[in-house]
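Visitor: Sending over a structure as structure tokens; questions will come in a sec.
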Amino acid sequence: MTQAYDKENELIATEQYKIGDLLSRLWEAEETIRAIYSGEADAVVVNSPSGPRVYTLEGADHPYRVMVEQMHESTVTLDPKRLILYSNPQFAALIGAASESVAGSDFERFLAPADASLFAGLIEAAVAGGHSSGELHLRGANAATIPVRLSVTPLDVAGMQNLCVIASDLREQRRNETILKEERLSRLILEQAAEAIVVIDQQGVIVRRSESANLLARKPVLMEPFDGAFHLTASGIRLDTDRILTAMRVGEEITGVEAQMAHSGGATSALLVSASPLSSQGNELLGCVITLTDITERKRAEEALASQAEELARSNSDLQQFAYSASHDLREPLRQLAVFTELLQSRYQDKLAAEAGLLIEHAVSSAHRMEGLLKDLLAYTQAADAPQGPAAYTDANEVCRKTVATFEAKIAQSGARIDCDPLPVLAIHEVHLTQLFQNLIGNALKYCGLEPPHVHISAERSDGLWKLTVADNGIGIDPAYKNQVFGIFQRLHGGGKYSGSGIGLAICQKIVQRYGGRIWVESELGRGSRFMFTLPEKKNEAR
Amino acid sequence: MKRDNLEQLSLLVVEDSPADVFLVREALKEEGLSCHLKIADDGEKAINILDDVDAGGQDAPNLLLVDLNVPRQNGEHVLERLRRSPRCGKTPVVMMSTSDTAAERKRAFELGATEYFCKPSTLAEFMQLGKLVRVLLEQRHGTAA
Amino acid sequence: MEANSISSRPSRAQNRTHDLRLYVAGSSPRSLRAVQNVKRICENELAGKYSLEVVDIYQDPRRATEDQVIAIPTLINIKQAPGVLRRLIGDLSDTSVLRKGLGLLEAGPA
């Protein structure tokens, strides 16, 4: 019965296996008991109703063990070959490894490669000196670099020359240092800001302030209600935290609002107030930052400047008035002097010596010349007075034509030729442009040489300015005097060769300057003159 | 060349400068006008005279020569007062001034001046005032030529 | 977790003969010695063919009951072959016991 035999064999094999297993278990059980009896076990695990509990057989180290497990620091125990024999949970967490995979590993695995020699040095120092510490980097999960301070202490445990390594995580500290640095910086900025800056919370209490905020409030304002520290009014309405926070809530801007701040003594400051909301991530308004710029001084300076300008304008106008009165009032007696001297002559001609007539003639001519000067002075003081009405625009072609017409007789007499290019419309009062042409064309005709005068009037535009040129072929001007000719009563020709008091170009200059322009001359003796003046172009303004 | 029919006329001269009053007399004399001259050396006196004329206290002048720059009430005020006068509101007026600004001239004509005479600084020109007065008087009172 | 299992580093799962789990109790001397001894034998004789987990029962007591560990240190051979000892207790300083427990042939002291 092969089948029976096979079955029996199979049974025997099964029984043999069972026996082998039992023997092995027996050996295991004997070994367990022997190990426990011989004190080779440190702890036993017992199932209790509240779960498994560990009973340490050598109980003295219990407090230290708890400490090591519970302390914030990470610690490992290394054997001389730097094999990790023990790691506390914090170390496994620090490097992001499963705790059961740490013990039994080489420590190098968790060390940043660049710091391997540093670590070797630490160990060397610890073995030699009993202790060492230093900062280096561990390599965590995903090759993250973790800054740590390592303390290494040799540890002899039951004949084993181990090393106790404590790693303090420096990441938080590093981050704190950065944050602290930034925090300190922003605090420094806040405190040193020239403007008064305060941060208020939802209740309107000042939770941060710049040093200048204290100065403005004239008292320490930290943790004070804003409304108590800064009594603000804008456009006659109280600008308090209610108003500011409400504005922040509805998204209204407060930027550079001019406000008055009332101080306790009754004094006031002029301020510019700006506010920006501080919101939480959930968009809840936590408070706001208020900037108060003291513009009292600036305003005072502006007012002083304005009053100075007013003063200057007044004194200018006083001077103008004085010059006008002087020239006007002086003219009357002078005129009478001239007339009466003539009267004297005509009435008593027969009774006077022959020379007397000549003397009277001189007296009369002096009086007339002085009257002429006063008349010119009067014209000069009034030259740039603005006629009533809005800024005027004048067609220069028209004015030029009219002016040339006034010289008709002179032109005919001297055989002069006057060429006038097309001219622009200029932003100038007609009366002033007339004076300019009158003087410049008049001069061009007057200071002619032997040739008949030839006058050319042209215009060109550049850089927002119109430049007009009155060129002639006359006697010219010595370049040395080209600035002097614009001075008041400056004449280059004596002896009555060319009449005139020398006021014309001074008047031209005064007019051109009134419009922000410039007048100058290019000339050489005997080669004619080119008088040029500029006037701003304002073509976009309505006429 | 005396015109007898103009001799009985009277002129009111409003002028504070005795020298100019003298010259006005000379100019009239030169023109052969021997009108009766009434002199007011400030504006207020001139206005008082006009008040008196309106009140019937004296005859109305036939022409006025008014300097613009007279004390108290200036020439413009005198002119204004004259034009409101019921008795002599239409009387010709020559406004006189040493200065000759366009603005002054314009203002004088706006207020109803008949002529504007800029006091000149030559004798001959000043004497032209006499001619001007004659023309104005003849326009109004006819000439017996 | 890059460092999840150091045991997979020296050997690939298919040619592994020993999957070991060592139960220790913190840094008690015997536990430290057990780690050192197991590691030494494995590296000497099973290099590339073993995995080792070191479980601190203080940190993870539940696992001790799962494996029915009653005394510490205990070494358990999870990938058990017939006639191979399942668990060894003590610091395993006696290499012959450890070698026998791991089913290694008797040889001279390592």
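Ligands are numbered from 1 in the order shown, chains are lettered A, B, ... in the order of the structure tokens, and residues start at 1 in each chain.
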Name the residues of region 19-97 of chain C that fall into alpha helix (DSSP H) according to DSSP on the backbone, using the chain letters and numbers of this document, as a list in words.
Guide: Pro29, Arg30, Ser31, Leu32, Arg33, Ala34, Val35, Gln36, Asn37, Val38, Lys39, Arg40, Ile41, Cys42, Glu43, Asn44, Glu45, Pro61, Arg62, Arg63, Ala64, Thr65, Glu66, Thr95, Ser96 and Val97 of chain C
Visitor: Using only C-alpha atoms, which residues sit within 8 Å of region 446-458 of chain A once same-chain residues fewer than 2 positions away are excluded, as a PyMOL selection string?
Guide: chain A and resi 414-423+441-444+460+468-476+498+526
Visitor: Of the residues A:Val289, A:Leu239, A:Leu94, A:Met532, which is the one nearest to Met261 (chain A), using only C-alpha atoms?
Guide: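 Answer, going by the shortest atom-to-atom distance: A:Leu239.
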Visitor: According to DSSP computed on the backbone, where in region 44-138 of chain B is there strand (DSSP E or B)? Give the residues as number ranges by chain.
Guide: B: 63-67, 93-97, 115-118
Visitor: Keeping only all heavy atoms, write the selected residues as an mmCIF file, in the first residue's frame.
Guide:
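Result file result.cif:
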data_model
loop_
_atom_site.group_PDB
_atom_site.id
_atom_site.type_symbol
_atom_site.label_atom_id
_atom_site.label_comp_id
_atom_site.auth_asym_id
_atom_site.auth_seq_id
_atom_site.Cartn_x
_atom_site.Cartn_y
_atom_site.Cartn_z
ATOM 1 N N LEU B 63 -17.589 179.513 -20.830
ATOM 2 C CA LEU B 63 -16.619 178.450 -21.150
ATOM 3 C C LEU B 63 -15.772 178.167 -19.915
ATOM 4 O O LEU B 63 -15.536 179.071 -19.115
ATOM 5 C CB LEU B 63 -15.727 178.903 -22.319
ATOM 6 C CG LEU B 63 -14.744 177.898 -22.921
ATOM 7 C CD1 LEU B 63 -14.688 178.075 -24.431
ATOM 8 C CD2 LEU B 63 -13.347 178.040 -22.335
ATOM 9 N N LEU B 64 -15.339 176.933 -19.782
ATOM 10 C CA LEU B 64 -14.490 176.604 -18.642
ATOM 11 C C LEU B 64 -13.135 176.086 -19.132
ATOM 12 O O LEU B 64 -13.063 175.319 -20.103
ATOM 13 C CB LEU B 64 -15.119 175.528 -17.743
ATOM 14 C CG LEU B 64 -16.239 175.986 -16.806
ATOM 15 C CD1 LEU B 64 -17.578 175.974 -17.520
ATOM 16 C CD2 LEU B 64 -16.274 175.124 -15.549
ATOM 17 N N LEU B 65 -12.082 176.527 -18.459
ATOM 18 C CA LEU B 65 -10.749 175.965 -18.662
ATOM 19 C C LEU B 65 -10.397 175.271 -17.345
ATOM 20 O O LEU B 65 -10.280 175.941 -16.318
ATOM 21 C CB LEU B 65 -9.721 177.061 -18.975
ATOM 22 C CG LEU B 65 -9.937 177.807 -20.300
ATOM 23 C CD1 LEU B 65 -9.060 179.061 -20.352
ATOM 24 C CD2 LEU B 65 -9.607 176.899 -21.464
ATOM 25 N N VAL B 66 -10.296 173.958 -17.386
ATOM 26 C CA VAL B 66 -10.121 173.216 -16.125
ATOM 27 C C VAL B 66 -8.819 172.399 -16.144
ATOM 28 O O VAL B 66 -8.634 171.543 -17.011
ATOM 29 C CB VAL B 66 -11.306 172.266 -15.858
ATOM 30 C CG1 VAL B 66 -11.138 171.548 -14.526
ATOM 31 C CG2 VAL B 66 -12.617 173.040 -15.890
ATOM 32 N N ASP B 67 -7.944 172.725 -15.209
ATOM 33 C CA ASP B 67 -6.731 171.906 -15.072
ATOM 34 C C ASP B 67 -7.118 170.614 -14.353
ATOM 35 O O ASP B 67 -7.885 170.632 -13.389
ATOM 36 C CB ASP B 67 -5.670 172.664 -14.264
ATOM 37 C CG ASP B 67 -4.380 171.865 -14.162
ATOM 38 O OD1 ASP B 67 -3.900 171.384 -15.188
ATOM 39 O OD2 ASP B 67 -3.883 171.688 -13.019
ATOM 40 N N VAL B 93 -16.035 172.894 -22.351
ATOM 41 C CA VAL B 93 -14.983 172.798 -21.342
ATOM 42 C C VAL B 93 -13.678 172.371 -22.015
ATOM 43 O O VAL B 93 -13.660 171.403 -22.769
ATOM 44 C CB VAL B 93 -15.329 171.761 -20.256
ATOM 45 C CG1 VAL B 93 -14.181 171.647 -19.247
ATOM 46 C CG2 VAL B 93 -16.613 172.125 -19.538
ATOM 47 N N VAL B 94 -12.598 173.072 -21.721
ATOM 48 C CA VAL B 94 -11.270 172.638 -22.174
ATOM 49 C C VAL B 94 -10.544 172.078 -20.953
ATOM 50 O O VAL B 94 -10.327 172.787 -19.975
ATOM 51 C CB VAL B 94 -10.463 173.810 -22.775
ATOM 52 C CG1 VAL B 94 -9.063 173.337 -23.167
ATOM 53 C CG2 VAL B 94 -11.197 174.400 -23.966
ATOM 54 N N MET B 95 -10.244 170.799 -21.016
ATOM 55 C CA MET B 95 -9.470 170.197 -19.918
ATOM 56 C C MET B 95 -7.995 170.418 -20.233
ATOM 57 O O MET B 95 -7.574 170.288 -21.380
ATOM 58 C CB MET B 95 -9.737 168.698 -19.795
ATOM 59 C CG MET B 95 -11.166 168.323 -19.402
ATOM 60 S SD MET B 95 -11.746 169.105 -17.889
ATOM 61 C CE MET B 95 -10.902 168.127 -16.654
ATOM 62 N N MET B 96 -7.249 170.791 -19.196
ATOM 63 C CA MET B 96 -5.827 171.067 -19.402
ATOM 64 C C MET B 96 -4.991 170.156 -18.480
ATOM 65 O O MET B 96 -5.397 169.861 -17.360
ATOM 66 C CB MET B 96 -5.514 172.520 -19.067
ATOM 67 C CG MET B 96 -6.365 173.515 -19.850
ATOM 68 S SD MET B 96 -5.858 175.205 -19.537
ATOM 69 C CE MET B 96 -6.197 175.376 -17.812
ATOM 70 N N SER B 97 -3.833 169.756 -19.027
ATOM 71 C CA SER B 97 -2.952 168.934 -18.197
ATOM 72 C C SER B 97 -1.521 169.029 -18.697
ATOM 73 O O SER B 97 -1.292 169.280 -19.883
ATOM 74 C CB SER B 97 -3.417 167.474 -18.236
ATOM 75 O OG SER B 97 -2.484 166.668 -17.540
ATOM 76 N N GLU B 115 -12.704 169.843 -25.265
ATOM 77 C CA GLU B 115 -11.364 169.767 -25.819
ATOM 78 C C GLU B 115 -10.379 169.352 -24.724
ATOM 79 O O GLU B 115 -10.673 169.472 -23.527
ATOM 80 C CB GLU B 115 -10.924 171.135 -26.387
ATOM 81 C CG GLU B 115 -11.487 171.456 -27.759
ATOM 82 C CD GLU B 115 -11.054 170.469 -28.837
ATOM 83 O OE1 GLU B 115 -9.997 169.812 -28.653
ATOM 84 O OE2 GLU B 115 -11.767 170.331 -29.869
ATOM 85 N N TYR B 116 -9.221 168.858 -25.171
ATOM 86 C CA TYR B 116 -8.180 168.479 -24.221
ATOM 87 C C TYR B 116 -6.939 169.231 -24.658
ATOM 88 O O TYR B 116 -6.485 169.094 -25.794
ATOM 89 C CB TYR B 116 -7.944 166.968 -24.270
ATOM 90 C CG TYR B 116 -6.979 166.469 -23.217
ATOM 91 C CD1 TYR B 116 -7.438 166.004 -21.980
ATOM 92 C CD2 TYR B 116 -5.612 166.448 -23.465
ATOM 93 C CE1 TYR B 116 -6.550 165.530 -21.024
ATOM 94 C CE2 TYR B 116 -4.721 165.986 -22.502
ATOM 95 C CZ TYR B 116 -5.192 165.520 -21.285
ATOM 96 O OH TYR B 116 -4.323 165.069 -20.340
ATOM 97 N N PHE B 117 -6.406 170.029 -23.736
ATOM 98 C CA PHE B 117 -5.227 170.842 -24.082
ATOM 99 C C PHE B 117 -4.050 170.412 -23.226
ATOM 100 O O PHE B 117 -4.056 170.570 -21.999
ATOM 101 C CB PHE B 117 -5.539 172.325 -23.844
ATOM 102 C CG PHE B 117 -4.404 173.241 -24.235
ATOM 103 C CD1 PHE B 117 -4.054 173.430 -25.575
ATOM 104 C CD2 PHE B 117 -3.682 173.923 -23.261
ATOM 105 C CE1 PHE B 117 -3.020 174.288 -25.930
ATOM 106 C CE2 PHE B 117 -2.639 174.785 -23.622
ATOM 107 C CZ PHE B 117 -2.305 174.962 -24.951
ATOM 108 N N CYS B 118 -3.038 169.806 -23.904
ATOM 109 C CA CYS B 118 -1.841 169.418 -23.174
ATOM 110 C C CYS B 118 -0.947 170.635 -23.094
ATOM 111 O O CYS B 118 -0.513 171.167 -24.122
ATOM 112 C CB CYS B 118 -1.155 168.282 -23.910
ATOM 113 S SG CYS B 118 0.399 167.844 -23.123
#
Visitor: Could you list, with a cut-off of 8 Å and counting only C-alpha atoms, the residues of chain A near chain C, each shown with its nearest atom pair and the distance in Å rounded to one decimal, rows sorted by chain and ascending number, as a Markdown table?
Guide:
| residue | atom | partner | partner_atom | distance |
| --- | --- | --- | --- | --- |
| A:Gly20 | CA | C:Gly83 | CA | 6.4 |
| A:Asp21 | CA | C:Gly83 | CA | 6.4 |
| A:Ser24 | CA | C:Leu85 | CA | 6.2 |
| A:Arg25 | CA | C:Leu85 | CA | 7.6 |
| A:Glu28 | CA | C:Arg87 | CA | 6.8 |
| A:Glu31 | CA | C:Ile89 | CA | 7.4 |
| A:Thr32 | CA | C:Ile89 | CA | 5.8 |
| A:Ala35 | CA | C:Gly90 | CA | 6.0 |
| A:Ile36 | CA | C:Ala71 | CA | 7.6 |
| A:Glu40 | CA | C:Gly90 | CA | 4.7 |
| A:Ala41 | CA | C:Gly90 | CA | 5.2 |
| A:Asp42 | CA | C:Ile72 | CA | 5.4 |
| A:Ala43 | CA | C:Ile72 | CA | 4.9 |
| A:Val44 | CA | C:Ala71 | CA | 4.0 |
| A:Val45 | CA | C:Ile70 | CA | 4.6 |
| A:Val46 | CA | C:Ile70 | CA | 6.6 |
| A:Asn47 | CA | C:Thr65 | CA | 7.4 |
| A:Gly51 | CA | C:Arg62 | CA | 7.8 |
| A:Pro52 | CA | C:Pro61 | CA | 6.3 |
| A:Arg53 | CA | C:Pro61 | CA | 7.0 |
| A:Val54 | CA | C:Pro61 | CA | 7.2 |
| A:Arg65 | CA | C:Gly26 | CA | 6.9 |
| A:Thr77 | CA | C:Ser27 | CA | 7.5 |
| A:Asp79 | CA | C:Gln36 | CA | 7.6 |
| A:Leu83 | CA | C:Gln36 | CA | 7.7 |
| A:Leu85 | CA | C:Leu32 | CA | 5.3 |
| A:Tyr86 | CA | C:Ser27 | CA | 5.7 |
| A:Asn88 | CA | C:Gly26 | CA | 7.8 |
| A:Pro89 | CA | C:Gln59 | CA | 7.1 |
| A:Gly96 | CA | C:Met1 | CA | 6.4 |
| A:Ala97 | CA | C:Ala3 | CA | 5.1 |
| A:Ala98 | CA | C:Asn4 | CA | 5.1 |
| A:Ser99 | CA | C:Val55 | CA | 7.4 |
| A:Glu100 | CA | C:Val54 | CA | 4.7 |
| A:Ser101 | CA | C:Ser5 | CA | 5.1 |
| A:Val102 | CA | C:Val54 | CA | 7.5 |
| A:Ala103 | CA | C:Val54 | CA | 5.7 |
| A:Gly104 | CA | C:Val35 | CA | 6.3 |
| A:Ser105 | CA | C:Ile6 | CA | 6.7 |
| A:Ala141 | CA | C:Glu2 | CA | 5.4 |
| A:Asn142 | CA | C:Glu2 | CA | 6.5 |
| A:Val157 | CA | C:Pro29 | CA | 6.1 |
| A:Ala158 | CA | C:Pro29 | CA | 6.3 |
| A:Met160 | CA | C:Arg33 | CA | 7.9 |
Visitor: Please determine the contact residues of chain A with respect to chain B at a cut-off of 7 Å, counting only C-alpha atoms, and supply them as a ChimeraX atom specification.
Guide: /A:328,332,335-336,338-339,342-343
Visitor: Generate the output file for the selected residues, all heavy atoms, as a PDB file, in the first residue's frame.
Guide:
ATOM      1  N   HIS A 328       6.315 163.331 -13.566  1.00  0.00           N
ATOM      2  CA  HIS A 328       5.134 164.117 -13.915  1.00  0.00           C
ATOM      3  C   HIS A 328       5.168 165.501 -13.253  1.00  0.00           C
ATOM      4  O   HIS A 328       5.016 166.534 -13.901  1.00  0.00           O
ATOM      5  CB  HIS A 328       3.880 163.361 -13.497  1.00  0.00           C
ATOM      6  CG  HIS A 328       2.617 164.093 -13.795  1.00  0.00           C
ATOM      7  ND1 HIS A 328       2.036 164.962 -12.912  1.00  0.00           N
ATOM      8  CD2 HIS A 328       1.840 164.106 -14.906  1.00  0.00           C
ATOM      9  CE1 HIS A 328       0.949 165.466 -13.445  1.00  0.00           C
ATOM     10  NE2 HIS A 328       0.804 164.967 -14.671  1.00  0.00           N
ATOM     11  N   GLU A 332       5.949 169.986 -14.815  1.00  0.00           N
ATOM     12  CA  GLU A 332       5.156 171.208 -14.834  1.00  0.00           C
ATOM     13  C   GLU A 332       6.005 172.474 -14.630  1.00  0.00           C
ATOM     14  O   GLU A 332       5.977 173.368 -15.480  1.00  0.00           O
ATOM     15  CB  GLU A 332       4.032 171.129 -13.813  1.00  0.00           C
ATOM     16  CG  GLU A 332       3.136 172.343 -13.849  1.00  0.00           C
ATOM     17  CD  GLU A 332       1.775 172.086 -13.208  1.00  0.00           C
ATOM     18  OE1 GLU A 332       1.116 171.113 -13.617  1.00  0.00           O
ATOM     19  OE2 GLU A 332       1.395 172.851 -12.306  1.00  0.00           O
ATOM     20  N   ARG A 335       8.286 173.000 -17.616  1.00  0.00           N
ATOM     21  CA  ARG A 335       7.564 173.518 -18.783  1.00  0.00           C
ATOM     22  C   ARG A 335       7.345 175.030 -18.639  1.00  0.00           C
ATOM     23  O   ARG A 335       7.602 175.821 -19.567  1.00  0.00           O
ATOM     24  CB  ARG A 335       6.216 172.800 -18.877  1.00  0.00           C
ATOM     25  CG  ARG A 335       5.249 173.359 -19.879  1.00  0.00           C
ATOM     26  CD  ARG A 335       3.930 172.606 -19.841  1.00  0.00           C
ATOM     27  NE  ARG A 335       3.299 172.581 -18.522  1.00  0.00           N
ATOM     28  CZ  ARG A 335       2.650 173.627 -17.994  1.00  0.00           C
ATOM     29  NH1 ARG A 335       2.570 174.770 -18.648  1.00  0.00           N
ATOM     30  NH2 ARG A 335       2.105 173.542 -16.803  1.00  0.00           N
ATOM     31  N   GLN A 336       6.936 175.397 -17.414  1.00  0.00           N
ATOM     32  CA  GLN A 336       6.683 176.820 -17.175  1.00  0.00           C
ATOM     33  C   GLN A 336       7.979 177.621 -17.314  1.00  0.00           C
ATOM     34  O   GLN A 336       8.002 178.704 -17.905  1.00  0.00           O
ATOM     35  CB  GLN A 336       6.085 177.010 -15.782  1.00  0.00           C
ATOM     36  CG  GLN A 336       4.647 176.509 -15.721  1.00  0.00           C
ATOM     37  CD  GLN A 336       4.123 176.380 -14.300  1.00  0.00           C
ATOM     38  OE1 GLN A 336       4.876 176.520 -13.341  1.00  0.00           O
ATOM     39  NE2 GLN A 336       2.836 176.132 -14.171  1.00  0.00           N
ATOM     40  N   ALA A 338      10.500 176.953 -19.173  1.00  0.00           N
ATOM     41  CA  ALA A 338      10.812 177.099 -20.593  1.00  0.00           C
ATOM     42  C   ALA A 338       9.955 178.183 -21.238  1.00  0.00           C
ATOM     43  O   ALA A 338      10.452 179.070 -21.940  1.00  0.00           O
ATOM     44  CB  ALA A 338      10.600 175.764 -21.300  1.00  0.00           C
ATOM     45  N   VAL A 339       8.657 178.111 -20.948  1.00  0.00           N
ATOM     46  CA  VAL A 339       7.739 179.065 -21.578  1.00  0.00           C
ATOM     47  C   VAL A 339       8.037 180.494 -21.127  1.00  0.00           C
ATOM     48  O   VAL A 339       8.092 181.425 -21.930  1.00  0.00           O
ATOM     49  CB  VAL A 339       6.274 178.699 -21.291  1.00  0.00           C
ATOM     50  CG1 VAL A 339       5.334 179.740 -21.875  1.00  0.00           C
ATOM     51  CG2 VAL A 339       5.953 177.329 -21.854  1.00  0.00           C
ATOM     52  N   GLU A 342      11.104 181.935 -22.682  1.00  0.00           N
ATOM     53  CA  GLU A 342      10.784 182.384 -24.048  1.00  0.00           C
ATOM     54  C   GLU A 342      10.020 183.699 -24.022  1.00  0.00           C
ATOM     55  O   GLU A 342      10.260 184.598 -24.847  1.00  0.00           O
ATOM     56  CB  GLU A 342       9.914 181.338 -24.750  1.00  0.00           C
ATOM     57  CG  GLU A 342      10.699 180.209 -25.372  1.00  0.00           C
ATOM     58  CD  GLU A 342       9.829 179.410 -26.324  1.00  0.00           C
ATOM     59  OE1 GLU A 342       9.651 179.848 -27.474  1.00  0.00           O
ATOM     60  OE2 GLU A 342       9.309 178.353 -25.883  1.00  0.00           O
ATOM     61  N   LEU A 343       9.110 183.763 -23.065  1.00  0.00           N
ATOM     62  CA  LEU A 343       8.283 184.951 -22.919  1.00  0.00           C
ATOM     63  C   LEU A 343       9.178 186.165 -22.638  1.00  0.00           C
ATOM     64  O   LEU A 343       9.011 187.242 -23.208  1.00  0.00           O
ATOM     65  CB  LEU A 343       7.287 184.741 -21.781  1.00  0.00           C
ATOM     66  CG  LEU A 343       6.046 185.643 -21.735  1.00  0.00           C
ATOM     67  CD1 LEU A 343       5.270 185.566 -23.048  1.00  0.00           C
ATOM     68  CD2 LEU A 343       5.161 185.248 -20.564  1.00  0.00           C
TER      69      LEU A 343
END
Visitor: To one decimal place in Å, what is the distance between CA of Ile197 (chain A) and CA of Pro220 (chain A)?
Guide: 13.0 Å
